[in-house]
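A.B. asks: Coordinates in my_file-v1.txt, compact mmCIF, C-alpha atoms, are listed below.
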# COMPACT_ATOMS: atom_id res chain seq x y z
CA MET A 9 109.82 85.66 145.40
CA SER A 10 106.07 85.24 145.12
CA ALA A 11 104.38 84.98 141.73
CA LEU A 12 102.83 88.09 140.19
CA ARG A 13 99.04 87.86 140.55
CA LEU A 14 97.40 88.74 137.24
CA LEU A 15 93.90 89.80 136.26
CA ILE A 16 93.12 89.20 132.57
CA ASN A 17 90.42 91.57 131.30
CA GLY A 18 88.89 90.29 128.08
CA ALA A 19 89.56 86.71 129.16
CA ARG A 20 87.06 85.10 126.79
CA GLY A 21 88.57 86.70 123.68
CA ARG A 22 91.32 85.18 121.54
CA MET A 23 94.08 87.18 123.17
CA GLY A 24 92.68 86.62 126.63
CA GLN A 25 92.68 82.86 126.13
CA MET A 26 96.23 82.97 124.78
CA LEU A 27 97.43 85.02 127.77
CA ILE A 28 95.94 82.48 130.18
CA ALA A 29 97.49 79.56 128.27
CA CYS A 30 100.94 81.18 128.17
CA ALA A 31 100.85 82.06 131.87
CA GLN A 32 100.13 78.47 132.89
CA GLY A 33 103.23 76.66 134.05
CA ASP A 34 105.17 79.91 134.57
CA ALA A 35 106.23 80.01 138.21
CA THR A 36 106.56 83.81 138.10
CA LEU A 37 102.89 84.30 137.18
CA ASN A 38 99.56 83.42 138.77
CA VAL A 39 96.33 84.28 136.94
CA THR A 40 93.98 85.04 139.82
CA GLY A 41 91.25 86.67 137.76
CA GLN A 42 89.65 86.02 134.35
CA ILE A 43 86.90 88.47 133.52
CA ASP A 44 84.95 89.72 130.52
CA VAL A 45 81.74 91.61 129.76
CA GLY A 46 79.26 91.35 132.62
CA ASP A 47 81.77 90.13 135.23
CA ASP A 48 82.62 91.93 138.50
CA PHE A 49 85.83 93.82 137.68
CA ALA A 50 86.14 95.43 141.11
CA ALA A 51 85.96 92.13 142.99
CA ALA A 52 88.57 90.50 140.76
CA LEU A 53 90.82 93.56 141.00
CA ALA A 54 91.16 93.18 144.75
CA GLN A 55 92.85 89.77 144.27
CA CYS A 56 95.57 90.84 141.80
CA ASP A 57 98.81 92.82 141.57
CA ALA A 58 98.56 93.74 137.89
CA VAL A 59 95.95 93.92 135.13
CA ILE A 60 96.42 93.01 131.47
CA ASP A 61 93.58 94.53 129.44
CA PHE A 62 92.79 93.06 126.03
CA SER A 63 89.05 93.77 126.18
CA HIS A 64 87.89 96.76 124.08
CA HIS A 65 89.15 100.32 123.82
CA ASN A 66 85.76 101.67 124.90
CA THR A 67 86.33 100.24 128.40
CA VAL A 68 89.71 101.89 128.95
CA GLU A 69 88.50 104.85 131.04
CA PRO A 70 86.70 102.81 133.74
CA VAL A 71 89.60 100.33 133.76
CA LEU A 72 92.04 103.21 134.30
CA ALA A 73 89.94 104.69 137.09
CA ARG A 74 89.69 101.36 138.94
CA CYS A 75 93.40 100.59 138.61
CA VAL A 76 94.42 104.06 139.79
CA GLU A 77 92.06 103.85 142.75
CA ALA A 78 93.44 100.42 143.74
CA GLY A 79 97.07 101.22 142.87
CA LYS A 80 97.41 98.34 140.39
CA THR A 81 99.95 97.98 137.58
CA LEU A 82 98.22 98.10 134.18
CA VAL A 83 99.19 96.76 130.75
CA ILE A 84 96.89 98.07 127.98
CA GLY A 85 96.69 95.85 124.91
CA THR A 86 93.69 97.44 123.20
CA THR A 87 94.04 99.74 120.17
CA GLY A 88 91.86 102.27 118.36
CA HIS A 89 91.69 104.78 121.25
CA THR A 90 90.35 108.28 120.78
CA ASP A 91 92.49 111.32 121.58
CA ALA A 92 90.55 111.75 124.83
CA GLN A 93 91.20 108.14 125.83
CA ALA A 94 94.91 108.51 125.04
CA ALA A 95 94.98 111.63 127.22
CA ALA A 96 93.32 109.69 130.06
CA ILE A 97 96.00 107.00 129.75
CA ARG A 98 98.78 109.59 129.99
CA HIS A 99 97.10 111.24 132.99
CA SER A 100 96.68 107.93 134.84
CA SER A 101 100.32 106.97 134.32
CA ALA A 102 101.34 109.68 136.80
CA GLN A 103 99.88 107.48 139.54
CA ILE A 104 100.53 103.85 138.49
CA PRO A 105 103.05 101.91 136.37
CA LEU A 106 101.34 101.68 132.98
CA VAL A 107 102.51 99.98 129.80
CA PHE A 108 100.74 101.19 126.66
CA ALA A 109 102.03 99.71 123.42
CA PRO A 110 100.51 99.21 119.97
CA ASN A 111 102.09 95.76 119.77
CA TYR A 112 103.66 93.50 122.40
CA SER A 113 105.61 91.25 120.04
CA ILE A 114 109.37 91.34 120.58
CA GLY A 115 109.83 91.02 116.82
CA VAL A 116 107.55 93.98 116.06
CA ASN A 117 109.32 96.12 118.62
CA THR A 118 112.58 95.24 116.92
CA LEU A 119 110.89 96.40 113.69
CA PHE A 120 110.07 99.73 115.38
CA TRP A 121 113.75 100.13 116.30
CA LEU A 122 114.96 99.14 112.82
CA THR A 123 112.46 101.51 111.19
CA ARG A 124 113.81 104.47 113.14
CA LYS A 125 117.42 103.57 112.29
CA ALA A 126 116.70 102.89 108.61
CA THR A 127 114.83 106.18 108.24
CA GLU A 128 117.74 108.06 109.78
CA ILE A 129 120.29 106.32 107.55
CA LEU A 130 118.40 106.48 104.25
CA GLY A 131 117.49 110.15 104.54
CA SER A 132 114.93 112.17 102.64
CA GLY A 133 115.54 110.68 99.20
CA PHE A 134 113.25 107.69 99.79
CA ASP A 135 109.45 107.67 99.53
CA LEU A 136 107.77 106.11 102.57
CA GLU A 137 104.86 103.64 102.56
CA VAL A 138 103.36 101.38 105.23
CA VAL A 139 101.30 98.30 104.34
CA GLU A 140 99.51 96.15 106.92
CA MET A 141 97.31 93.06 106.60
CA HIS A 142 95.07 91.49 109.25
CA HIS A 143 92.26 88.95 109.51
CA ARG A 144 88.83 89.79 108.17
CA LEU A 145 87.36 90.29 111.68
CA LYS A 146 89.63 93.17 112.72
CA LYS A 147 87.50 96.23 113.41
CA ASP A 148 89.97 99.16 113.35
CA ALA A 149 92.20 100.43 110.57
CA PRO A 150 95.00 101.14 110.30
CA SER A 151 96.30 98.78 112.95
CA GLY A 152 97.90 100.31 116.03
CA THR A 153 101.22 98.84 114.89
CA ALA A 154 100.96 100.42 111.43
CA LYS A 155 100.08 103.75 112.99
CA ARG A 156 103.12 103.56 115.27
CA LEU A 157 105.36 102.73 112.30
CA ALA A 158 104.06 105.81 110.48
CA GLU A 159 104.53 107.90 113.62
CA ILE A 160 108.19 106.83 113.76
CA LEU A 161 108.64 107.75 110.09
CA ALA A 162 107.04 111.14 110.75
CA GLU A 163 109.14 111.78 113.85
CA VAL A 164 112.42 111.14 112.03
CA ARG A 165 111.37 113.19 108.97
CA LYS A 166 109.96 115.96 111.20
CA LEU A 167 106.47 115.57 109.69
CA GLN A 168 103.02 115.48 111.30
CA TYR A 169 101.08 112.20 111.36
CA ASN A 170 97.66 113.82 111.03
CA ASP A 171 98.77 116.09 108.19
CA ASP A 172 101.18 113.95 106.19
CA VAL A 173 99.84 110.38 106.32
CA ARG A 174 97.74 109.50 103.25
CA HIS A 175 95.33 106.60 103.84
CA GLY A 176 95.08 104.80 100.51
CA ARG A 177 94.69 106.40 97.10
CA HIS A 178 91.74 106.56 94.73
CA GLY A 179 91.05 108.45 91.55
CA ILE A 180 93.16 111.25 90.09
CA VAL A 181 95.23 112.04 93.16
CA GLY A 182 98.15 113.66 91.39
CA GLU A 183 101.82 112.87 91.74
CA ARG A 184 103.13 111.67 95.05
CA THR A 185 104.47 114.50 97.21
CA ASP A 186 107.86 114.39 98.91
CA THR A 187 106.34 114.62 102.39
CA GLU A 188 103.46 112.14 102.31
CA ILE A 189 103.59 108.80 104.09
CA GLY A 190 101.38 106.23 102.42
CA MET A 191 99.23 104.00 104.64
CA HIS A 192 97.42 100.93 103.33
CA ALA A 193 95.23 98.47 105.27
CA VAL A 194 94.44 95.03 103.81
CA ARG A 195 91.87 92.70 105.39
CA GLY A 196 91.17 89.03 104.71
CA GLY A 197 91.18 85.46 105.95
CA ASP A 198 92.81 84.62 109.27
CA VAL A 199 96.03 86.67 108.98
CA VAL A 200 97.33 87.35 112.50
CA GLY A 201 99.29 90.43 111.44
CA ASP A 202 101.72 91.44 108.67
CA HIS A 203 103.46 94.82 108.57
CA THR A 204 105.84 96.20 105.94
CA VAL A 205 107.64 99.54 105.78
CA ILE A 206 108.70 100.42 102.21
CA TYR A 207 111.49 102.86 101.34
CA ALA A 208 111.42 103.53 97.59
CA ALA A 209 113.95 105.64 95.68
CA LYS A 210 115.18 105.85 92.11
CA GLY A 211 117.02 102.63 91.37
CA GLU A 212 116.47 100.83 94.67
CA ARG A 213 113.92 99.85 97.30
CA VAL A 214 114.29 98.73 100.92
CA GLU A 215 111.53 96.81 102.70
CA LEU A 216 111.32 95.92 106.39
CA THR A 217 108.71 93.25 107.12
CA HIS A 218 107.38 91.44 110.17
CA LYS A 219 104.86 88.59 109.90
CA ALA A 220 103.13 87.08 112.91
CA SER A 221 101.84 83.52 112.61
CA SER A 222 100.53 83.14 116.18
CA ARG A 223 99.07 85.39 118.87
CA GLU A 224 101.41 83.69 121.31
CA THR A 225 104.14 86.22 120.50
CA PHE A 226 101.85 89.09 121.60
CA ALA A 227 100.75 87.26 124.74
CA ARG A 228 104.26 86.43 125.91
CA GLY A 229 105.32 90.03 125.33
CA ALA A 230 102.39 91.37 127.36
CA LEU A 231 103.16 88.98 130.23
CA ARG A 232 106.79 90.09 130.14
CA ALA A 233 105.62 93.71 130.22
CA ALA A 234 103.48 93.09 133.32
CA LEU A 235 106.37 91.49 135.20
CA TRP A 236 108.71 94.33 134.25
CA ALA A 237 106.27 97.17 134.94
CA HIS A 238 105.30 95.92 138.39
CA ALA A 239 108.87 96.60 139.53
CA GLN A 240 108.84 100.17 138.14
CA PRO A 241 107.67 103.47 139.62
CA ALA A 242 104.54 105.17 138.29
CA GLY A 243 104.98 106.24 134.69
CA LEU A 244 104.00 105.67 131.08
CA TYR A 245 106.05 102.93 129.41
CA ASP A 246 106.01 100.99 126.15
CA MET A 247 107.67 97.79 124.94
CA GLN A 248 110.77 99.70 123.91
CA ASP A 249 111.23 100.44 127.64
CA VAL A 250 110.47 96.84 128.61
CA LEU A 251 113.06 95.48 126.15
CA GLY A 252 115.68 98.13 126.90
CA LEU A 253 115.69 99.46 123.33
CA LYS A 254 115.60 103.15 124.27
Using the file provided, produce a representation of the structure as structure tokens.

C.D. replies:
Amino acid sequence: MSALRLLINGARGRMGQMLIACAQGDATLNVTGQIDVGDDFAAALAQCDAVIDFSHHNTVEPVLARCVEAGKTLVIGTTGHTDAQAAAIRHSSAQIPLVFAPNYSIGVNTLFWLTRKATEILGSGFDLEVVEMHHRLKKDAPSGTAKRLAEILAEVRKLQYNDDVRHGRHGIVGERTDTEIGMHAVRGGDVVGDHTVIYAAKGERVELTHKASSRETFARGALRAALWAHAQPAGLYDMQDVLGLK
């Protein structure tokens, strides 16, 4: 079986460099393209089977259009997309295999699964809070992972993310409501990514936490996603699909 030919978009960034390093020495992978701002995406696309995009969310629409036109598998690792960009991703997945996940870490995706189960088991008697911390250079907040955690909480509780998530608290905000999901973003230093889901009730508290110490975990997950997705029919997938957690 020939190696999967990969194009890394955003190759000069931290995640791009980690993807290239992790792919080296893996007989199932061959990085045939490494591009970034100003490079010829179309020319590099012709030499690959799949694209892993860790560039910037503002480039997602042209990347989608090129991959659909060329029939290439696409793994999207950027976050902070607008509603219109998310809709474009869903539309494109009808034509190509597309993995779109807020986090490619196997540990974080286990946290997603555990969060759903814990929320089902604990029921409505626990207040829900999400706390995330990232390095001082991160541009979007909350993180895509924290947003997904809150979405899972909302899905199980039959709430609405846009209506029921409260982003931080300041001033005289009144007592906490039964339906709100607290969301808190902390920034500082070189933290790769910490995420905690807090369930707080009278007399007890449950906390689920994942801490990443290296971007390697995200890179290896994204590479695994590309290998898996290239063998799938057109459709929209996430890491829960890749890991068989659904």

A.B. asks: Would you work out the distance separating atom CA of A:Ala102 from atom CA of A:Ala242, expressed in Å to one decimal?

C.D. replies: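 A separation of 5.7 Å between them.
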
A.B. asks: Neighbourhood query: residues within 10 Å of (90.6, 87.3, 124.6), file coordinates, counting only C-alpha atoms; return as a list in words.

C.D. replies: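 These residues have at least one counted atom within 10 Å: Ile16, Asn17, Gly18, Ala19, Arg20, Gly21, Arg22, Met23, Gly24, Gln25, Met26, Leu27, Ile28, Gln42, Ile43, Asp44, Asp61, Phe62, Ser63 and His64 of chain A.
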
A.B. asks: What gap, in Å, lies between atom CA of A:Gly79 and atom CA of A:Ala35?

C.D. replies: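 Computed distance, atom CA of A:Gly79 to atom CA of A:Ala35, equals 23.6 Å.
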
A.B. asks: Find the residues around stretch 197-203 of chain A up to 10 Å (all atoms listed in the file counted), leave out those fewer than 6 positions away in its own chain, and share them as a PyMOL selection string.

C.D. replies: chain A and resi 116+119+138-146+151+153-154+157+216-223

A.B. asks: Counting all atoms listed in the file, give me one row per residue of stretch 86-189 of chain A with an atom at most 12 Å from an atom of stretch 46-59 of chain A, showing the shortest contact pair and its distance in Å to one decimal, sorted by chain then residue number, as a Markdown table.

C.D. replies:
| residue | atom | partner | partner_atom | distance |
| --- | --- | --- | --- | --- |
| A:Ile104 | CA | A:Ala58 | CA | 10.3 |
| A:Pro105 | CA | A:Ala58 | CA | 9.4 |
| A:Leu106 | CA | A:Val59 | CA | 9.7 |
| A:Val107 | CA | A:Val59 | CA | 10.4 |

A.B. asks: What separation in Å, quoted to one decimal, exists between atom CA of A:Asp135 and atom CA of A:Arg184?

C.D. replies: 8.7 Å

A.B. asks: From the list A:Ala233, A:Leu14, A:Ile129, A:Val39, which residue is nearest A:Ala109 when using all atoms listed in the file?

C.D. replies: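 Nearest candidate to A:Ala109 out of A:Ala233, A:Leu14, A:Ile129, A:Val39: A:Ala233.
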
A.B. asks: Give me the residues near A:Thr36 as a list of chain:residue names, where near means some atom within 8 Å (using all atoms listed in the file) and where sequence neighbours in that chain fewer than 5 positions away do not count.

C.D. replies: A:Ser10, A:Ala11, A:Leu12

A.B. asks: With distances taken over all atoms listed in the file, which residue among A:Ala239, A:Val214, A:Leu122, A:Ala96 lies nearest A:Ala73?

C.D. replies: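 Result for the nearest residue to A:Ala73: A:Ala96.
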
A.B. asks: Fewer than 5 positions away in the same chain doesn't count, so skip those; otherwise give me all residues within 12 Å of A:Glu69, counting only C-alpha atoms, as a PyMOL selection string.

C.D. replies: chain A and resi 61+64+74-76+84+86+89-90+92-100

A.B. asks: Between A:Ser101, A:Thr118, A:Pro70, A:Gln248, which is the closest to A:Leu82 once you count all atoms listed in the file?

C.D. replies: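 Nearest to A:Leu82: A:Ser101.
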
A.B. asks: Out of A:Thr204, A:Glu163, A:Ile114, A:Gly179, which residue has the shortest atom-to-atom distance to A:Met247 when counting all atoms listed in the file?

C.D. replies: A:Ile114

A.B. asks: Can you work out which one of A:Glu188, A:Glu183, A:Glu128, A:Glu77 has the shortest atom-to-atom distance to A:Asn170, counting all atoms listed in the file?

C.D. replies: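 Of all the options, A:Glu188 lies closest to A:Asn170.
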